[in-house]
Every structure is written in C-alpha cells, then in structure tokens.
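This report concerns only the one structure given below.
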Amino acid sequence: MGIASGSAAAVPVAAGPSKGTDAVSAQRPPRRRILAVDGLRLVAALAVVLYHLVAREGAWRTDPKALLPGLFPVGAYGWLGVQLFFLISGFLICMSCWGRSLGDFFTSRVVRLFPAYWFAVLTTAAVLIAFPLGDSRLPLRMVLTNLTMLQEPLGVEHVDGVYWTLFAEMRFYLLFAALAWWGLTYRRVLAFCWVWVVASALFAGYDDSPARLLVMPDYSWYFIAGIAFYLMHRFGPDLLLTGLVLVCFGACLPFVHSSWQRLPRYIGHHVPFWPVVLVLAACFAVMALVATGRLTWMQWRWLPYAGALTYPLYLLHQNIGRKLIGLLEPRLPSYGVLAAAVAALLVAAWLVHRCVERPAARWLKTGLTRAAARVRAATP
C-alpha cells in the first residue's frame, strides 16, 4: 500500500493501448523501479509526523503554535499526507497485482504488512504501559485484538490512532483482490474504477451501512485515482483516464472539507481551507508526473532507503513520538526537542526495517508459500 508498499515501486515499462489493451495486459515486461515513489512515500510519512508532533494537541505541555510558530502552519495540513498515501497505494497495488495470481498477491500483502505492524503494536503498548499518556489504559485483550488489524470493525480501540488507515487499506485490498481473481486487463480495471465511482456516490449518504463501510466513499477517490494513474503509466494517458482522475479530485473535496471542519477540535486553532485544495491538487499533480514518466530523472541512491523507512516510521511515530517529546521537553529548546524526536524515530524505523521486517518477511513468505502449495495439492 501507499504506507506499506515497499518494493512495489518497481513498475513495468509502459505499453501503448493502441496495441490492444487486453492483449498487452497479459504480458509481464521487465520492471524498473520508480525511485520518485519512494521519495513521495517518505514525504507523506513526514507530513503526518509533523501533523501529530507539531500541530495536534497533546504532544506538548503548552500550545504548539506558540512553541513552533514556523512549523505549525505546515504541520496543520500534514494530515493530508494520508491522502497522498492512498493515491500512491492505488498506483502501487494495481501494479503489484498485474500478472500475478491471487495467492501471490495475498502473500505479498501479508508479508509486507504484518511483521512491522506486530512489532509496532507490541512496542507501542509496552511504552504506553511503562509511560502512560493521560488516562489511556491498555487491557491485554485490546492489544491482542489490535494484532489482527481488525480492531476497528470489532469495535476495539486502536493501540495507536494512526492504525485506522490500515483498515481502509485492507478494504481496498479486498475489493481489488476480487478483481485480481477475475483477472486484470485494461478494460476490466477501468470498468472497476467507474463502478466504484458510482457506488461511492450512491452510498455517500449512508452512515453505518455495510455497503458504505466496504465502498468507503470518504477515501475511495484516492485509491481510484491512483489506479487510473497506473493505467496511464502502463498504457499511456487518454481522455477517459484523465476524466476519471478529475472526477475523483472533484468528488473528494466535500469529504476533505468535512475533515477540515473537524480540524479545530484536534489542533485547537482554525486554519483556512484553500491550502487544503492546493495541497490535494499538488498531490494529484505529482502523481500525474509519476504516471507520465516525468520524474524518472530522480535516481538518487538514497531514495530506496527513504521508502524502506516509511512504513515503520508511520507505525511508530505518534504515541512513541509524544512520549519522546515529553521526556526531552524540559531539557532542550522546542525545535531541538522536535529534531531529536524525529531523528530517534527515523533511526528506530530503520532498525525495524533491517532487524524485524526483512528477516520476518523471509520466514513468513516461506511459510505462506508452503501453505499455498499444500492447498493447491489438496484441490480435487
């Protein structure tokens, strides 16, 4: 996913639709990595970090706007990093599914998502038990349920509030897996996108229906646009794909406006809405540049490392970052506290990637591959 897609930034060389889109869909041309996507993922993660550690109330003993006046206006819009994550996720998940079996897709998602997530849940829980934040309590049943990543539909509180996005990603995976089981072609994926657009519009007015929960009209527009951007990248842009992206941009604005209206209860201040539109437009624009190959000049060697940091950084930063700020605040000036906390989180993210994600992923992939082979052998 955008947050947890990792090595999925390698994509096939684009093939023009004039050669027959469904025929081309079956081909698996050599892949080349889009390093710009790795950089964008880290930018999105750092934006969310700034929002939680600079703008959102609760991290500092006093008003962060007074403590960090230079960064607060930026951090106040950092929550839009999630929207960028979802755009990237639509792009990368469509790419990672293409030409692969449903079993391969399932294995890749489990291997990528769960090792770092399990570690983050247990580590965050240990930190919060040792150093409680406010009146927060962490019963064992709550921690164990969080390990399933299904705590939201089961009505259990998140160990860390940022985990809500993972359930949104899982719903996207479920929808796209159904399409992958049928088989990905240009026509099918495009039809899937337009059907999802219609369903999102129809169920937007329902509050608690299971259909709305699955279709998720609050965030579907970013996933759909990301898929459209991938189709542009693989087959070339055309008016239909461009129109799909523009529809998604326009349709997401009422929902993001609702999020902006709720913002003062989290940051304690009112901020104007127009920067929200500009930031979203910039996110769509930069993904258009990725889709049309205009960022292939970005070949810096550090970009894959930036992408590797993204998921563990996202999982660890909020509650642990707040605790770091609480420990450092009496000892350093405000900007020094923030710099030290973010640096510590980046180091921790790298250690999680090297010492947890990579070895656990190898073990988990081997086990799931063997299990899948057993299922295939047992099929009558």
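Labeling convention for the structure tokens: chains A, B, ... as they appear, residues from 1 per chain, ligands from 1 in order of appearance.
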Which neighbours of segment 238-253 of chain A fall inside 6 Å, counting only C-alpha atoms, when residues of the same chain fewer than 5 positions from it are skipped, and could you give them as a ChimeraX atom specification?
/A:221,225,228
Selected residues, all heavy atoms, written as an mmCIF file, in the first residue's frame, please.
data_model
loop_
_atom_site.group_PDB
_atom_site.id
_atom_site.type_symbol
_atom_site.label_atom_id
_atom_site.label_comp_id
_atom_site.auth_asym_id
_atom_site.auth_seq_id
_atom_site.Cartn_x
_atom_site.Cartn_y
_atom_site.Cartn_z
ATOM 1 N N TRP A 221 -11.888 7.805 -3.523
ATOM 2 C CA TRP A 221 -11.463 8.622 -4.663
ATOM 3 C C TRP A 221 -9.957 8.590 -4.868
ATOM 4 O O TRP A 221 -9.486 8.639 -6.011
ATOM 5 C CB TRP A 221 -11.954 10.050 -4.453
ATOM 6 C CG TRP A 221 -13.366 10.092 -3.972
ATOM 7 C CD1 TRP A 221 -13.812 10.380 -2.710
ATOM 8 C CD2 TRP A 221 -14.544 9.790 -4.745
ATOM 9 N NE1 TRP A 221 -15.180 10.284 -2.636
ATOM 10 C CE2 TRP A 221 -15.660 9.919 -3.876
ATOM 11 C CE3 TRP A 221 -14.760 9.429 -6.069
ATOM 12 C CZ2 TRP A 221 -16.962 9.707 -4.291
ATOM 13 C CZ3 TRP A 221 -16.061 9.205 -6.492
ATOM 14 C CH2 TRP A 221 -17.141 9.340 -5.605
ATOM 15 N N ALA A 225 -8.197 7.099 -8.188
ATOM 16 C CA ALA A 225 -7.303 7.954 -8.964
ATOM 17 C C ALA A 225 -5.923 7.323 -9.080
ATOM 18 O O ALA A 225 -5.282 7.397 -10.144
ATOM 19 C CB ALA A 225 -7.208 9.342 -8.323
ATOM 20 N N ALA A 228 -6.050 4.797 -11.757
ATOM 21 C CA ALA A 228 -6.073 5.464 -13.059
ATOM 22 C C ALA A 228 -4.682 5.948 -13.443
ATOM 23 O O ALA A 228 -4.278 5.856 -14.615
ATOM 24 C CB ALA A 228 -7.065 6.631 -13.027
#
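Counting only C-alpha atoms, the residue from A:Ile224, A:Leu316, A:Ala361, A:Val48 that sits nearest to Ala125 of chain A is A:Leu316.
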* Coordinates-based distance that separates atom CA of Arg109 of chain A from atom CA of Ile93 of chain A (Å, one decimal) ->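 So the answer is 9.3 Å.
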In Å and to one decimal, atom CA of Phe91 of chain A is distant from atom CA of Val356 of chain A by 26.2 Å
List as a list in words the protein and nucleic acid residues near Ser101 of chain A, meaning an atom at most 12 Å away when only C-alpha atoms are counted, but skip any in the same chain fewer than 2 places from it.
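Listed by chain and then number, they are Ser96, Cys97, Trp98, Gly99, Gly103, Asp104, Phe105, Phe106, Thr107, Ser108, Ala177, Ala178, Leu179, Ala180, Trp181, Trp182, Gly183, Leu184 and Ala372 of chain A.
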According to DSSP computed on the backbone, where in segment 190-272 of chain A is there helix (DSSP H, G or I)? Give the residues as number ranges by chain. A: 190-203, 210-215, 220-235, 239-262, 264-267
Please dump the current selection as a PDB file, in the first residue's frame; keep C-alpha atoms.
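out37.pdb, freshly written:
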ATOM      1  CA  LEU A 190     -11.168   0.738 -15.957  1.00  0.00           C
ATOM      2  CA  ALA A 191     -14.700  -0.633 -15.551  1.00  0.00           C
ATOM      3  CA  PHE A 192     -13.946  -1.463 -11.918  1.00  0.00           C
ATOM      4  CA  CYS A 193     -12.885   2.146 -11.318  1.00  0.00           C
ATOM      5  CA  TRP A 194     -16.038   3.628 -12.816  1.00  0.00           C
ATOM      6  CA  VAL A 195     -18.284   1.174 -10.951  1.00  0.00           C
ATOM      7  CA  TRP A 196     -16.506   2.133  -7.716  1.00  0.00           C
ATOM      8  CA  VAL A 197     -17.045   5.820  -8.521  1.00  0.00           C
ATOM      9  CA  VAL A 198     -20.786   5.255  -8.952  1.00  0.00           C
ATOM     10  CA  ALA A 199     -21.030   3.105  -5.817  1.00  0.00           C
ATOM     11  CA  SER A 200     -19.127   5.701  -3.778  1.00  0.00           C
ATOM     12  CA  ALA A 201     -21.503   8.425  -4.880  1.00  0.00           C
ATOM     13  CA  LEU A 202     -24.594   6.295  -4.195  1.00  0.00           C
ATOM     14  CA  PHE A 203     -23.552   5.198  -0.697  1.00  0.00           C
ATOM     15  CA  PRO A 210     -22.091  -2.433   5.497  1.00  0.00           C
ATOM     16  CA  ALA A 211     -22.009  -1.324   1.850  1.00  0.00           C
ATOM     17  CA  ARG A 212     -20.732   2.112   2.825  1.00  0.00           C
ATOM     18  CA  LEU A 213     -18.122   0.506   5.074  1.00  0.00           C
ATOM     19  CA  LEU A 214     -16.834  -1.522   2.129  1.00  0.00           C
ATOM     20  CA  VAL A 215     -17.099   1.185  -0.534  1.00  0.00           C
ATOM     21  CA  SER A 220     -12.233   5.716  -2.314  1.00  0.00           C
ATOM     22  CA  TRP A 221     -11.463   8.622  -4.663  1.00  0.00           C
ATOM     23  CA  TYR A 222      -7.752   8.485  -3.900  1.00  0.00           C
ATOM     24  CA  PHE A 223      -7.462   4.751  -4.488  1.00  0.00           C
ATOM     25  CA  ILE A 224      -9.427   5.044  -7.745  1.00  0.00           C
ATOM     26  CA  ALA A 225      -7.303   7.954  -8.964  1.00  0.00           C
ATOM     27  CA  GLY A 226      -4.144   6.032  -8.073  1.00  0.00           C
ATOM     28  CA  ILE A 227      -5.332   3.086 -10.169  1.00  0.00           C
ATOM     29  CA  ALA A 228      -6.073   5.464 -13.059  1.00  0.00           C
ATOM     30  CA  PHE A 229      -2.580   6.909 -12.764  1.00  0.00           C
ATOM     31  CA  TYR A 230      -1.130   3.416 -13.009  1.00  0.00           C
ATOM     32  CA  LEU A 231      -3.186   2.712 -16.131  1.00  0.00           C
ATOM     33  CA  MET A 232      -1.779   5.938 -17.575  1.00  0.00           C
ATOM     34  CA  HIS A 233       1.706   4.759 -16.734  1.00  0.00           C
ATOM     35  CA  ARG A 234       1.261   1.304 -18.235  1.00  0.00           C
ATOM     36  CA  PHE A 235      -0.854   2.083 -21.286  1.00  0.00           C
ATOM     37  CA  LEU A 239      -9.177  11.446 -22.177  1.00  0.00           C
ATOM     38  CA  LEU A 240     -11.114   8.728 -20.332  1.00  0.00           C
ATOM     39  CA  LEU A 241      -8.386   8.225 -17.722  1.00  0.00           C
ATOM     40  CA  THR A 242      -7.847  11.959 -17.374  1.00  0.00           C
ATOM     41  CA  GLY A 243     -11.575  12.437 -16.848  1.00  0.00           C
ATOM     42  CA  LEU A 244     -11.593   9.708 -14.209  1.00  0.00           C
ATOM     43  CA  VAL A 245      -8.818  11.446 -12.277  1.00  0.00           C
ATOM     44  CA  LEU A 246     -10.574  14.812 -12.488  1.00  0.00           C
ATOM     45  CA  VAL A 247     -13.856  13.294 -11.295  1.00  0.00           C
ATOM     46  CA  CYS A 248     -12.023  11.796  -8.309  1.00  0.00           C
ATOM     47  CA  PHE A 249     -10.403  15.133  -7.479  1.00  0.00           C
ATOM     48  CA  GLY A 250     -13.700  16.980  -7.577  1.00  0.00           C
ATOM     49  CA  ALA A 251     -15.590  14.271  -5.687  1.00  0.00           C
ATOM     50  CA  CYS A 252     -13.075  14.078  -2.833  1.00  0.00           C
ATOM     51  CA  LEU A 253     -13.425  17.775  -1.948  1.00  0.00           C
ATOM     52  CA  PRO A 254     -16.694  17.561   0.054  1.00  0.00           C
ATOM     53  CA  PHE A 255     -15.217  14.798   2.196  1.00  0.00           C
ATOM     54  CA  VAL A 256     -11.916  16.536   2.777  1.00  0.00           C
ATOM     55  CA  HIS A 257     -13.861  19.706   3.599  1.00  0.00           C
ATOM     56  CA  SER A 258     -15.660  17.765   6.344  1.00  0.00           C
ATOM     57  CA  SER A 259     -12.294  16.646   7.712  1.00  0.00           C
ATOM     58  CA  TRP A 260     -11.072  20.248   7.678  1.00  0.00           C
ATOM     59  CA  GLN A 261     -14.165  21.362   9.594  1.00  0.00           C
ATOM     60  CA  ARG A 262     -13.306  18.895  12.377  1.00  0.00           C
ATOM     61  CA  PRO A 264     -10.013  22.700  15.258  1.00  0.00           C
ATOM     62  CA  ARG A 265     -11.033  20.076  17.812  1.00  0.00           C
ATOM     63  CA  TYR A 266      -7.658  18.362  17.228  1.00  0.00           C
ATOM     64  CA  ILE A 267      -5.260  21.278  16.798  1.00  0.00           C
TER      65      ILE A 267
END
